[in-house]
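Enquirer: What follows is a single structure, and I will ask about it in a moment.
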Amino acid sequence: MTGDKIIELKGVERHYVQGARKLTILNGVEFSLRRGEMVALVAPSGAGKSTLLHTAGLLERPDAGDVILGGRACGRLSDDERTAIRRNDIGFVYQFHHLLPEFSALENIMMPQLVKGLPPAEASARAAQLLDYMQIGKRGHHRPAELSGGEQQRVAIARAVANAPLVLLADEPTGNLDPVTASYVFDALAALVRQSGLAALIATHNHELAARMDRRVTLSEGKVVPI
Ligand code: ADP
């Protein structure tokens, strides 16, 4: 992989206090992603994958260390600044699609763009383009309930990248799908990452998919280490 670091976690620590106990989940994480790179995060339940993704995605603040996104230190920014950065530069995909049920696939993908202030015609054109790219162009006018699980996840991925983020963070994006559908959804996601040059960190329990990414990392004693 060539190119600069798009996101960098430096000495990131994250602790939770449970009663009288202090749980250390991230303990000096050093980790970065480069443009066009897909990295698999493979670790057992409870290891801290969601904590890592949420901290990298500026949903949680590091207790120590910093998250550098596109060269900008983000750990100490205000909530409003972090929200703005999340809206523009970070895409999230979860195991369950969390699409808005009363809106069509196309409208779901338009939504983050409208929130950002894009004119509806522009947002609609980009949404249609992303649906085509995810090979579900004909399904744009259907509501989520009328789509298959694989189609729903493709819409969720398209929505996550609608504002052309720098980084895509995914928490078990194919965990809810059968293996064949998971493989198709992964192919579409991989093509999107390569084509757009964003960087992706993808938590997965699927070793076959992990093997198809550029690198694999795990969490060990609160640190990100290569597998
Ligand atoms: P994973 O995604 O790998 O399953 P998580 O990041 O969700 O792991 O959780 C890591 C550990 O941190 C778990 O032991 C979990 O119980 C604990 N944890 C996560 N969030 C909180 C919280 N808000 N308060 C207290 N403990 C938490």
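Chain labels A, B, ... are given in the sequence in which chains occur in the structure tokens; within each chain residues are numbered consecutively from 1, and ligands are likewise numbered from 1 in the order shown.
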Which protein, DNA or RNA residues have an atom within 12 Å of ligand 1, counting only C-alpha atoms and all ligand atoms, as an mmCIF file with N, CA, C and O atoms, in the first residue's frame?
Expert:
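And here's selection_39.cif as it stands now:
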data_model
loop_
_atom_site.group_PDB
_atom_site.id
_atom_site.type_symbol
_atom_site.label_atom_id
_atom_site.label_comp_id
_atom_site.auth_asym_id
_atom_site.auth_seq_id
_atom_site.Cartn_x
_atom_site.Cartn_y
_atom_site.Cartn_z
ATOM 1 N N ARG A 14 -8.636 3.871 26.442
ATOM 2 C CA ARG A 14 -10.070 3.970 26.735
ATOM 3 C C ARG A 14 -10.349 3.089 27.943
ATOM 4 O O ARG A 14 -10.021 1.903 27.954
ATOM 5 N N HIS A 15 -10.921 3.700 28.951
ATOM 6 C CA HIS A 15 -11.232 2.973 30.190
ATOM 7 C C HIS A 15 -12.712 3.135 30.498
ATOM 8 O O HIS A 15 -13.294 4.161 30.209
ATOM 9 N N TYR A 16 -13.286 2.110 31.093
ATOM 10 C CA TYR A 16 -14.655 2.218 31.612
ATOM 11 C C TYR A 16 -14.599 1.956 33.106
ATOM 12 O O TYR A 16 -13.872 1.087 33.567
ATOM 13 N N VAL A 17 -15.401 2.702 33.839
ATOM 14 C CA VAL A 17 -15.482 2.464 35.279
ATOM 15 C C VAL A 17 -16.770 1.706 35.561
ATOM 16 O O VAL A 17 -17.854 2.135 35.152
ATOM 17 N N GLN A 18 -16.638 0.552 36.169
ATOM 18 C CA GLN A 18 -17.808 -0.254 36.546
ATOM 19 C C GLN A 18 -17.774 -0.432 38.048
ATOM 20 O O GLN A 18 -16.983 -1.227 38.561
ATOM 21 N N GLY A 19 -18.618 0.322 38.750
ATOM 22 C CA GLY A 19 -18.579 0.276 40.203
ATOM 23 C C GLY A 19 -17.226 0.749 40.680
ATOM 24 O O GLY A 19 -16.777 1.842 40.306
ATOM 25 N N ALA A 20 -16.560 -0.079 41.469
ATOM 26 C CA ALA A 20 -15.247 0.299 41.997
ATOM 27 C C ALA A 20 -14.121 -0.131 41.056
ATOM 28 O O ALA A 20 -12.962 0.171 41.296
ATOM 29 N N ARG A 21 -14.501 -0.822 39.955
ATOM 30 C CA ARG A 21 -13.465 -1.363 39.076
ATOM 31 C C ARG A 21 -13.243 -0.477 37.860
ATOM 32 O O ARG A 21 -14.176 0.094 37.315
ATOM 33 N N LYS A 22 -11.993 -0.370 37.456
ATOM 34 C CA LYS A 22 -11.677 0.348 36.226
ATOM 35 C C LYS A 22 -11.277 -0.679 35.168
ATOM 36 O O LYS A 22 -10.310 -1.435 35.365
ATOM 37 N N LEU A 23 -12.063 -0.733 34.085
ATOM 38 C CA LEU A 23 -11.752 -1.657 32.999
ATOM 39 C C LEU A 23 -10.931 -0.916 31.953
ATOM 40 O O LEU A 23 -11.347 0.138 31.478
ATOM 41 N N THR A 24 -9.775 -1.446 31.603
ATOM 42 C CA THR A 24 -8.976 -0.848 30.538
ATOM 43 C C THR A 24 -9.243 -1.626 29.263
ATOM 44 O O THR A 24 -8.930 -2.818 29.184
ATOM 45 N N ILE A 25 -9.850 -0.962 28.287
ATOM 46 C CA ILE A 25 -10.210 -1.645 27.037
ATOM 47 C C ILE A 25 -9.157 -1.361 25.961
ATOM 48 O O ILE A 25 -8.696 -2.264 25.281
ATOM 49 N N LEU A 26 -8.787 -0.093 25.803
ATOM 50 C CA LEU A 26 -7.715 0.263 24.864
ATOM 51 C C LEU A 26 -6.570 0.826 25.690
ATOM 52 O O LEU A 26 -6.765 1.692 26.544
ATOM 53 N N LEU A 41 -10.512 -6.380 11.271
ATOM 54 C CA LEU A 41 -10.320 -6.404 12.723
ATOM 55 C C LEU A 41 -11.011 -7.668 13.235
ATOM 56 O O LEU A 41 -12.238 -7.774 13.187
ATOM 57 N N VAL A 42 -10.203 -8.630 13.634
ATOM 58 C CA VAL A 42 -10.734 -9.929 14.036
ATOM 59 C C VAL A 42 -10.363 -10.163 15.499
ATOM 60 O O VAL A 42 -9.176 -10.253 15.834
ATOM 61 N N ALA A 43 -11.370 -10.209 16.355
ATOM 62 C CA ALA A 43 -11.085 -10.410 17.781
ATOM 63 C C ALA A 43 -12.347 -10.949 18.431
ATOM 64 O O ALA A 43 -13.458 -10.703 17.942
ATOM 65 N N PRO A 44 -12.181 -11.694 19.525
ATOM 66 C CA PRO A 44 -13.369 -12.252 20.167
ATOM 67 C C PRO A 44 -14.286 -11.178 20.738
ATOM 68 O O PRO A 44 -13.872 -10.029 20.944
ATOM 69 N N SER A 45 -15.509 -11.570 20.964
ATOM 70 C CA SER A 45 -16.490 -10.681 21.567
ATOM 71 C C SER A 45 -15.953 -10.159 22.898
ATOM 72 O O SER A 45 -15.351 -10.913 23.664
ATOM 73 N N GLY A 46 -16.136 -8.877 23.142
ATOM 74 C CA GLY A 46 -15.687 -8.299 24.400
ATOM 75 C C GLY A 46 -14.253 -7.812 24.377
ATOM 76 O O GLY A 46 -13.776 -7.196 25.333
ATOM 77 N N ALA A 47 -13.545 -8.032 23.255
ATOM 78 C CA ALA A 47 -12.132 -7.637 23.183
ATOM 79 C C ALA A 47 -11.967 -6.125 23.053
ATOM 80 O O ALA A 47 -10.900 -5.592 23.350
ATOM 81 N N GLY A 48 -13.036 -5.455 22.579
ATOM 82 C CA GLY A 48 -12.946 -4.005 22.451
ATOM 83 C C GLY A 48 -13.073 -3.496 21.026
ATOM 84 O O GLY A 48 -12.737 -2.343 20.746
ATOM 85 N N LYS A 49 -13.589 -4.331 20.125
ATOM 86 C CA LYS A 49 -13.700 -3.920 18.710
ATOM 87 C C LYS A 49 -14.606 -2.701 18.558
ATOM 88 O O LYS A 49 -14.245 -1.744 17.886
ATOM 89 N N SER A 50 -15.790 -2.760 19.181
ATOM 90 C CA SER A 50 -16.716 -1.627 19.042
ATOM 91 C C SER A 50 -16.113 -0.373 19.669
ATOM 92 O O SER A 50 -16.243 0.727 19.119
ATOM 93 N N THR A 51 -15.448 -0.543 20.796
ATOM 94 C CA THR A 51 -14.807 0.603 21.455
ATOM 95 C C THR A 51 -13.766 1.227 20.526
ATOM 96 O O THR A 51 -13.688 2.456 20.385
ATOM 97 N N LEU A 52 -12.989 0.389 19.861
ATOM 98 C CA LEU A 52 -11.971 0.884 18.926
ATOM 99 C C LEU A 52 -12.637 1.622 17.753
ATOM 100 O O LEU A 52 -12.220 2.736 17.400
ATOM 101 N N LEU A 53 -13.670 1.026 17.182
ATOM 102 C CA LEU A 53 -14.347 1.650 16.038
ATOM 103 C C LEU A 53 -15.000 2.970 16.448
ATOM 104 O O LEU A 53 -14.922 3.959 15.725
ATOM 105 N N HIS A 54 -15.622 2.979 17.623
ATOM 106 C CA HIS A 54 -16.300 4.206 18.072
ATOM 107 C C HIS A 54 -15.297 5.310 18.411
ATOM 108 O O HIS A 54 -15.569 6.486 18.197
ATOM 109 N N THR A 55 -14.148 4.919 18.923
ATOM 110 C CA THR A 55 -13.129 5.926 19.243
ATOM 111 C C THR A 55 -12.508 6.460 17.948
ATOM 112 O O THR A 55 -12.346 7.673 17.780
ATOM 113 N N ALA A 56 -12.203 5.545 17.021
ATOM 114 C CA ALA A 56 -11.649 5.964 15.726
ATOM 115 C C ALA A 56 -12.647 6.847 14.992
ATOM 116 O O ALA A 56 -12.266 7.797 14.312
ATOM 117 N N LEU A 59 -16.984 8.882 17.908
ATOM 118 C CA LEU A 59 -18.221 8.767 18.693
ATOM 119 C C LEU A 59 -17.888 8.753 20.174
ATOM 120 O O LEU A 59 -18.708 9.115 21.015
ATOM 121 N N GLU A 60 -16.701 8.267 20.502
ATOM 122 C CA GLU A 60 -16.222 8.280 21.890
ATOM 123 C C GLU A 60 -14.887 9.015 21.912
ATOM 124 O O GLU A 60 -14.122 8.932 20.951
ATOM 125 N N ARG A 61 -14.634 9.678 23.009
ATOM 126 C CA ARG A 61 -13.364 10.391 23.160
ATOM 127 C C ARG A 61 -12.307 9.480 23.753
ATOM 128 O O ARG A 61 -12.607 8.734 24.692
ATOM 129 N N TYR A 94 -23.124 -0.893 10.297
ATOM 130 C CA TYR A 94 -23.312 -1.812 11.438
ATOM 131 C C TYR A 94 -23.834 -3.161 10.948
ATOM 132 O O TYR A 94 -24.178 -3.328 9.776
ATOM 133 N N GLN A 95 -23.928 -4.087 11.872
ATOM 134 C CA GLN A 95 -24.417 -5.429 11.524
ATOM 135 C C GLN A 95 -25.867 -5.366 11.040
ATOM 136 O O GLN A 95 -26.254 -6.069 10.122
ATOM 137 N N ALA A 170 -16.679 -0.301 9.895
ATOM 138 C CA ALA A 170 -17.787 -1.244 9.805
ATOM 139 C C ALA A 170 -17.684 -2.270 10.922
ATOM 140 O O ALA A 170 -16.626 -2.846 11.152
ATOM 141 N N ASP A 171 -18.818 -2.459 11.601
ATOM 142 C CA ASP A 171 -18.875 -3.393 12.727
ATOM 143 C C ASP A 171 -19.703 -4.602 12.293
ATOM 144 O O ASP A 171 -20.927 -4.526 12.258
ATOM 145 N N GLU A 172 -19.047 -5.670 11.883
ATOM 146 C CA GLU A 172 -19.729 -6.896 11.433
ATOM 147 C C GLU A 172 -20.744 -6.601 10.315
ATOM 148 O O GLU A 172 -21.918 -6.992 10.428
ATOM 149 N N ILE A 202 -12.714 -2.951 9.126
ATOM 150 C CA ILE A 202 -13.919 -3.774 9.120
ATOM 151 C C ILE A 202 -13.806 -4.887 10.156
ATOM 152 O O ILE A 202 -12.984 -5.803 10.012
ATOM 153 N N ALA A 203 -14.597 -4.788 11.211
ATOM 154 C CA ALA A 203 -14.625 -5.847 12.210
ATOM 155 C C ALA A 203 -15.436 -7.001 11.653
ATOM 156 O O ALA A 203 -16.537 -6.808 11.143
ATOM 157 N N THR A 204 -14.873 -8.187 11.711
ATOM 158 C CA THR A 204 -15.582 -9.354 11.192
ATOM 159 C C THR A 204 -15.149 -10.620 11.914
ATOM 160 O O THR A 204 -14.011 -10.721 12.387
ATOM 161 N N HIS A 205 -16.078 -11.576 11.997
ATOM 162 C CA HIS A 205 -15.732 -12.905 12.498
ATOM 163 C C HIS A 205 -15.535 -13.871 11.336
ATOM 164 O O HIS A 205 -15.241 -15.038 11.540
ATOM 165 N N THR A 218 -5.707 -7.700 15.289
ATOM 166 C CA THR A 218 -6.558 -8.093 16.395
ATOM 167 C C THR A 218 -6.261 -7.174 17.573
ATOM 168 O O THR A 218 -5.374 -6.304 17.497
ATOM 169 N N LEU A 219 -7.021 -7.358 18.655
ATOM 170 C CA LEU A 219 -6.773 -6.598 19.880
ATOM 171 C C LEU A 219 -6.181 -7.548 20.904
ATOM 172 O O LEU A 219 -6.741 -8.615 21.164
ATOM 173 N N SER A 220 -5.052 -7.168 21.446
ATOM 174 C CA SER A 220 -4.423 -7.992 22.467
ATOM 175 C C SER A 220 -3.928 -7.085 23.583
ATOM 176 O O SER A 220 -3.155 -6.150 23.329
ATOM 177 N N GLU A 221 -4.420 -7.320 24.783
ATOM 178 C CA GLU A 221 -4.070 -6.502 25.948
ATOM 179 C C GLU A 221 -4.253 -5.017 25.673
ATOM 180 O O GLU A 221 -3.407 -4.189 26.026
ATOM 181 N N GLY A 222 -5.347 -4.720 24.974
ATOM 182 C CA GLY A 222 -5.687 -3.319 24.733
ATOM 183 C C GLY A 222 -4.894 -2.659 23.632
ATOM 184 O O GLY A 222 -4.964 -1.442 23.457
#
Enquirer: Determine which residues of stretch 51-208 of chain A receive a DSSP assignment of strand (DSSP E or B), computed from the backbone, and state them as a PyMOL selection string.
Expert: chain A and resi 64-69+72-73+90-93+167-171+199-203
Enquirer: Name all residues at most 12 Å from stretch 116-120 of chain A (count only C-alpha atoms; drop same-chain ones fewer than 3 positions away) and give them as a list in words.
Expert: Thr83, Ala84, Ile85, Arg86, Arg87, Asn88, Asp89, Leu106, Glu107, Ile109, Met110, Met111, Pro112, Gln113, Ala123, Ser124, Ala125, Arg126, Ala127, Ala162, Asn163 and Ala164 of chain A
Enquirer: As a short mmCIF file (atom, residue, chain, number, x, y, z; two decimals) with N, CA, C and O atoms, in the first residue's frame, please: the residues near A:Tyr184 (cut-off 12 Å, only C-alpha atoms, same-chain neighbours under 5 positions excluded).
Expert:
data_model
loop_
_atom_site.label_atom_id
_atom_site.label_comp_id
_atom_site.auth_asym_id
_atom_site.auth_seq_id
_atom_site.Cartn_x
_atom_site.Cartn_y
_atom_site.Cartn_z
N MET A 134 -23.44 -0.27 -6.42
CA MET A 134 -23.65 -1.44 -5.55
C MET A 134 -24.52 -2.49 -6.25
O MET A 134 -24.93 -3.47 -5.63
N GLN A 135 -24.80 -2.27 -7.53
CA GLN A 135 -25.55 -3.21 -8.38
C GLN A 135 -26.97 -3.46 -7.89
O GLN A 135 -27.48 -4.58 -7.97
N ILE A 136 -27.57 -2.41 -7.35
CA ILE A 136 -28.99 -2.50 -6.97
C ILE A 136 -29.73 -1.25 -7.47
O ILE A 136 -30.68 -0.79 -6.85
N GLY A 149 -31.90 -9.07 2.71
CA GLY A 149 -30.87 -8.68 3.69
C GLY A 149 -29.61 -8.16 3.03
O GLY A 149 -29.03 -7.16 3.46
N GLY A 150 -29.21 -8.82 1.94
CA GLY A 150 -28.00 -8.38 1.23
C GLY A 150 -28.21 -7.02 0.58
O GLY A 150 -27.31 -6.17 0.59
N GLU A 151 -29.40 -6.81 0.02
CA GLU A 151 -29.70 -5.51 -0.59
C GLU A 151 -29.75 -4.41 0.46
O GLU A 151 -29.24 -3.30 0.24
N GLN A 153 -28.09 -4.26 3.23
CA GLN A 153 -26.73 -3.92 3.65
C GLN A 153 -26.01 -3.11 2.57
O GLN A 153 -25.21 -2.23 2.86
N ARG A 154 -26.29 -3.40 1.30
CA ARG A 154 -25.68 -2.59 0.23
C ARG A 154 -26.17 -1.15 0.30
O ARG A 154 -25.40 -0.22 0.06
N THR A 174 -21.37 -7.89 7.53
CA THR A 174 -22.01 -9.03 6.87
C THR A 174 -22.39 -10.11 7.88
O THR A 174 -22.73 -11.22 7.51
N LEU A 177 -25.70 -12.01 7.46
CA LEU A 177 -26.03 -12.53 6.12
C LEU A 177 -25.51 -13.96 5.94
O LEU A 177 -24.53 -14.35 6.59
N ASP A 178 -26.14 -14.71 5.04
CA ASP A 178 -25.63 -16.05 4.75
C ASP A 178 -24.29 -15.90 4.01
O ASP A 178 -24.00 -14.84 3.45
N PRO A 179 -23.45 -16.95 3.99
CA PRO A 179 -22.10 -16.81 3.45
C PRO A 179 -22.03 -16.33 2.00
O PRO A 179 -21.17 -15.51 1.66
N LEU A 189 -18.46 -3.90 -1.54
CA LEU A 189 -17.78 -2.99 -0.60
C LEU A 189 -16.31 -2.82 -1.00
O LEU A 189 -15.79 -1.70 -1.04
N ALA A 190 -15.66 -3.93 -1.34
CA ALA A 190 -14.24 -3.87 -1.71
C ALA A 190 -14.06 -3.03 -2.97
O ALA A 190 -13.13 -2.21 -3.05
N ALA A 191 -14.94 -3.23 -3.95
CA ALA A 191 -14.83 -2.45 -5.20
C ALA A 191 -14.98 -0.96 -4.90
O ALA A 191 -14.24 -0.13 -5.44
N LEU A 209 -13.55 -13.71 4.62
CA LEU A 209 -13.55 -12.32 4.19
C LEU A 209 -12.30 -11.60 4.71
O LEU A 209 -11.68 -10.82 3.99
#
Enquirer: Please determine, counting only C-alpha atoms, which residue among A:Val155, A:Val193, A:Val67, A:Val217 has the shortest atom-to-atom distance to A:His98.
Expert: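 Of all the options, A:Val155 lies closest to A:His98.
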Enquirer: As a list in words, please: the residues near A:Phe31 (cut-off 7 Å, only C-alpha atoms, same-chain neighbours under 5 positions excluded).
Expert: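 Listing them by chain and then by number gives Glu8, Leu9, Lys10 and Val224 of chain A.
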Enquirer: Have a look at A:Val93, A:Ala199, A:Leu114, A:Ala105 and name the one nearest to A:Ile157; count only C-alpha atoms.
Expert: A:Val93
Enquirer: Given only C-alpha atoms as the basis, pick out the residue of A:Val161, A:Ile7, A:Leu100, A:Leu58 nearest to A:Glu37.
Expert: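 So, comparing all the options, the nearest one is A:Ile7.
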Enquirer: Can you measure atom CA of A:Leu168 to atom CA of A:Gly91 for me? One decimal in Å is fine.
Expert: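 Interatomic distance, atom CA of A:Leu168 to atom CA of A:Gly91: 4.6 Å.
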Enquirer: Go through A:Leu77, A:Met213, A:Ala158, A:Ile6 one by one, measure the shortest atom-to-atom distance of each to A:Gln129 using only C-alpha atoms, and give the residue with the smallest value.
Expert: A:Ala158
Enquirer: Could you check how far atom CA of A:Ser196 sits from atom CA of A:Thr181, in Å to one decimal?
Expert: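 Spanning atom CA of A:Ser196 to atom CA of A:Thr181 is a straight-line distance of 22.6 Å.
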Enquirer: Just list the residues in stretch 90-151 of chain A DSSP gives helix (DSSP H, G or I) on the backbone, as an mmCIF file with N, CA, C and O atoms, in the first residue's frame.
Expert:
data_model
loop_
_atom_site.group_PDB
_atom_site.id
_atom_site.type_symbol
_atom_site.label_atom_id
_atom_site.label_comp_id
_atom_site.auth_asym_id
_atom_site.auth_seq_id
_atom_site.Cartn_x
_atom_site.Cartn_y
_atom_site.Cartn_z
ATOM 1 N N ALA A 105 -34.951 3.284 -0.561
ATOM 2 C CA ALA A 105 -33.490 3.096 -0.555
ATOM 3 C C ALA A 105 -32.803 4.379 -1.011
ATOM 4 O O ALA A 105 -31.853 4.858 -0.386
ATOM 5 N N LEU A 106 -33.323 4.941 -2.117
ATOM 6 C CA LEU A 106 -32.732 6.171 -2.664
ATOM 7 C C LEU A 106 -32.763 7.306 -1.631
ATOM 8 O O LEU A 106 -31.773 8.003 -1.416
ATOM 9 N N GLU A 107 -33.914 7.461 -0.983
ATOM 10 C CA GLU A 107 -34.059 8.549 0.003
ATOM 11 C C GLU A 107 -33.140 8.334 1.211
ATOM 12 O O GLU A 107 -32.599 9.286 1.762
ATOM 13 N N ASN A 108 -32.973 7.070 1.605
ATOM 14 C CA ASN A 108 -32.065 6.783 2.715
ATOM 15 C C ASN A 108 -30.645 7.233 2.386
ATOM 16 O O ASN A 108 -29.919 7.713 3.264
ATOM 17 N N ILE A 109 -30.256 7.075 1.128
ATOM 18 C CA ILE A 109 -28.887 7.456 0.731
ATOM 19 C C ILE A 109 -28.790 8.975 0.524
ATOM 20 O O ILE A 109 -27.725 9.566 0.700
ATOM 21 N N MET A 110 -29.917 9.591 0.200
ATOM 22 C CA MET A 110 -29.923 11.055 0.054
ATOM 23 C C MET A 110 -29.790 11.756 1.406
ATOM 24 O O MET A 110 -29.226 12.848 1.499
ATOM 25 N N MET A 111 -30.341 11.110 2.436
ATOM 26 C CA MET A 111 -30.502 11.762 3.742
ATOM 27 C C MET A 111 -29.229 12.432 4.280
ATOM 28 O O MET A 111 -29.243 13.622 4.598
ATOM 29 N N PRO A 112 -28.100 11.696 4.400
ATOM 30 C CA PRO A 112 -26.906 12.359 4.947
ATOM 31 C C PRO A 112 -26.421 13.523 4.082
ATOM 32 O O PRO A 112 -25.838 14.484 4.589
ATOM 33 N N GLN A 113 -26.694 13.431 2.785
ATOM 34 C CA GLN A 113 -26.268 14.512 1.885
ATOM 35 C C GLN A 113 -27.127 15.751 2.101
ATOM 36 O O GLN A 113 -26.635 16.882 2.054
ATOM 37 N N LEU A 114 -28.420 15.538 2.336
ATOM 38 C CA LEU A 114 -29.322 16.671 2.591
ATOM 39 C C LEU A 114 -28.959 17.328 3.920
ATOM 40 O O LEU A 114 -28.953 18.555 4.041
ATOM 41 N N VAL A 115 -28.628 16.492 4.914
ATOM 42 C CA VAL A 115 -28.222 17.029 6.224
ATOM 43 C C VAL A 115 -26.972 17.888 6.061
ATOM 44 O O VAL A 115 -26.818 18.923 6.701
ATOM 45 N N LYS A 116 -26.107 17.473 5.139
ATOM 46 C CA LYS A 116 -24.873 18.229 4.889
ATOM 47 C C LYS A 116 -25.151 19.528 4.120
ATOM 48 O O LYS A 116 -24.329 20.432 4.109
ATOM 49 N N PRO A 120 -31.308 18.810 -3.246
ATOM 50 C CA PRO A 120 -31.929 17.489 -3.443
ATOM 51 C C PRO A 120 -31.581 16.833 -4.779
ATOM 52 O O PRO A 120 -31.354 15.617 -4.822
ATOM 53 N N ALA A 121 -31.545 17.597 -5.869
ATOM 54 C CA ALA A 121 -31.275 16.991 -7.188
ATOM 55 C C ALA A 121 -29.886 16.355 -7.210
ATOM 56 O O ALA A 121 -29.687 15.265 -7.744
ATOM 57 N N GLU A 122 -28.939 17.046 -6.602
ATOM 58 C CA GLU A 122 -27.561 16.540 -6.555
ATOM 59 C C GLU A 122 -27.485 15.282 -5.678
ATOM 60 O O GLU A 122 -26.840 14.292 -6.028
ATOM 61 N N ALA A 123 -28.155 15.359 -4.520
ATOM 62 C CA ALA A 123 -28.151 14.224 -3.589
ATOM 63 C C ALA A 123 -28.801 13.007 -4.238
ATOM 64 O O ALA A 123 -28.317 11.873 -4.102
ATOM 65 N N SER A 124 -29.869 13.236 -4.976
ATOM 66 C CA SER A 124 -30.584 12.145 -5.634
ATOM 67 C C SER A 124 -29.716 11.515 -6.721
ATOM 68 O O SER A 124 -29.662 10.286 -6.857
ATOM 69 N N ALA A 125 -29.021 12.344 -7.483
ATOM 70 C CA ALA A 125 -28.160 11.826 -8.556
ATOM 71 C C ALA A 125 -27.028 10.982 -7.978
ATOM 72 O O ALA A 125 -26.718 9.900 -8.485
ATOM 73 N N ARG A 126 -26.445 11.471 -6.902
ATOM 74 C CA ARG A 126 -25.347 10.706 -6.285
ATOM 75 C C ARG A 126 -25.874 9.399 -5.679
ATOM 76 O O ARG A 126 -25.234 8.357 -5.781
ATOM 77 N N ALA A 127 -27.052 9.451 -5.076
ATOM 78 C CA ALA A 127 -27.646 8.243 -4.486
ATOM 79 C C ALA A 127 -27.896 7.199 -5.570
ATOM 80 O O ALA A 127 -27.595 6.011 -5.386
ATOM 81 N N ALA A 128 -28.422 7.649 -6.714
ATOM 82 C CA ALA A 128 -28.711 6.723 -7.818
ATOM 83 C C ALA A 128 -27.412 6.100 -8.335
ATOM 84 O O ALA A 128 -27.346 4.899 -8.625
ATOM 85 N N GLN A 129 -26.376 6.919 -8.409
ATOM 86 C CA GLN A 129 -25.071 6.449 -8.878
ATOM 87 C C GLN A 129 -24.511 5.385 -7.923
ATOM 88 O O GLN A 129 -24.003 4.347 -8.344
ATOM 89 N N LEU A 130 -24.647 5.639 -6.625
ATOM 90 C CA LEU A 130 -24.142 4.680 -5.629
ATOM 91 C C LEU A 130 -24.941 3.378 -5.677
ATOM 92 O O LEU A 130 -24.375 2.292 -5.540
ATOM 93 N N LEU A 131 -26.250 3.488 -5.874
ATOM 94 C CA LEU A 131 -27.067 2.273 -5.985
ATOM 95 C C LEU A 131 -26.627 1.453 -7.202
ATOM 96 O O LEU A 131 -26.509 0.227 -7.123
ATOM 97 N N ASP A 132 -26.369 2.134 -8.309
ATOM 98 C CA ASP A 132 -25.870 1.442 -9.502
ATOM 99 C C ASP A 132 -24.555 0.764 -9.190
ATOM 100 O O ASP A 132 -24.318 -0.378 -9.550
ATOM 101 N N TYR A 133 -23.701 1.522 -8.506
ATOM 102 C CA TYR A 133 -22.381 0.994 -8.186
ATOM 103 C C TYR A 133 -22.487 -0.256 -7.322
ATOM 104 O O TYR A 133 -21.719 -1.197 -7.470
ATOM 105 N N GLY A 137 -29.298 -0.777 -8.632
ATOM 106 C CA GLY A 137 -29.868 0.440 -9.217
ATOM 107 C C GLY A 137 -31.377 0.363 -9.398
ATOM 108 O O GLY A 137 -32.079 1.369 -9.285
ATOM 109 N N LYS A 138 -31.868 -0.835 -9.663
ATOM 110 C CA LYS A 138 -33.314 -0.982 -9.939
ATOM 111 C C LYS A 138 -34.143 -0.996 -8.657
ATOM 112 O O LYS A 138 -35.364 -0.980 -8.708
ATOM 113 N N ARG A 139 -33.499 -1.039 -7.505
ATOM 114 C CA ARG A 139 -34.238 -1.201 -6.246
ATOM 115 C C ARG A 139 -34.412 0.122 -5.488
ATOM 116 O O ARG A 139 -34.932 0.135 -4.374
ATOM 117 N N PRO A 144 -36.915 -0.329 2.709
ATOM 118 C CA PRO A 144 -36.049 -1.397 3.231
ATOM 119 C C PRO A 144 -36.764 -2.733 3.419
ATOM 120 O O PRO A 144 -36.209 -3.783 3.086
ATOM 121 N N ALA A 145 -38.026 -2.716 3.897
ATOM 122 C CA ALA A 145 -38.737 -3.975 4.165
ATOM 123 C C ALA A 145 -38.956 -4.793 2.896
ATOM 124 O O ALA A 145 -39.184 -5.999 2.966
ATOM 125 N N GLU A 146 -38.885 -4.116 1.747
ATOM 126 C CA GLU A 146 -39.106 -4.826 0.475
ATOM 127 C C GLU A 146 -37.803 -5.331 -0.135
ATOM 128 O O GLU A 146 -37.791 -5.870 -1.233
ATOM 129 N N GLY A 149 -31.897 -9.066 2.713
ATOM 130 C CA GLY A 149 -30.871 -8.685 3.694
ATOM 131 C C GLY A 149 -29.614 -8.157 3.027
ATOM 132 O O GLY A 149 -29.028 -7.160 3.459
ATOM 133 N N GLY A 150 -29.205 -8.818 1.944
ATOM 134 C CA GLY A 150 -27.999 -8.378 1.226
ATOM 135 C C GLY A 150 -28.208 -7.019 0.582
ATOM 136 O O GLY A 150 -27.308 -6.170 0.589
ATOM 137 N N GLU A 151 -29.404 -6.807 0.024
ATOM 138 C CA GLU A 151 -29.704 -5.509 -0.592
ATOM 139 C C GLU A 151 -29.746 -4.413 0.462
ATOM 140 O O GLU A 151 -29.240 -3.301 0.243
#
Enquirer: What separation in Å, quoted to one decimal, exists between atom CA of A:Asn176 and atom CA of A:His141?
Expert: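 Those two atoms sit 23.3 Å apart.
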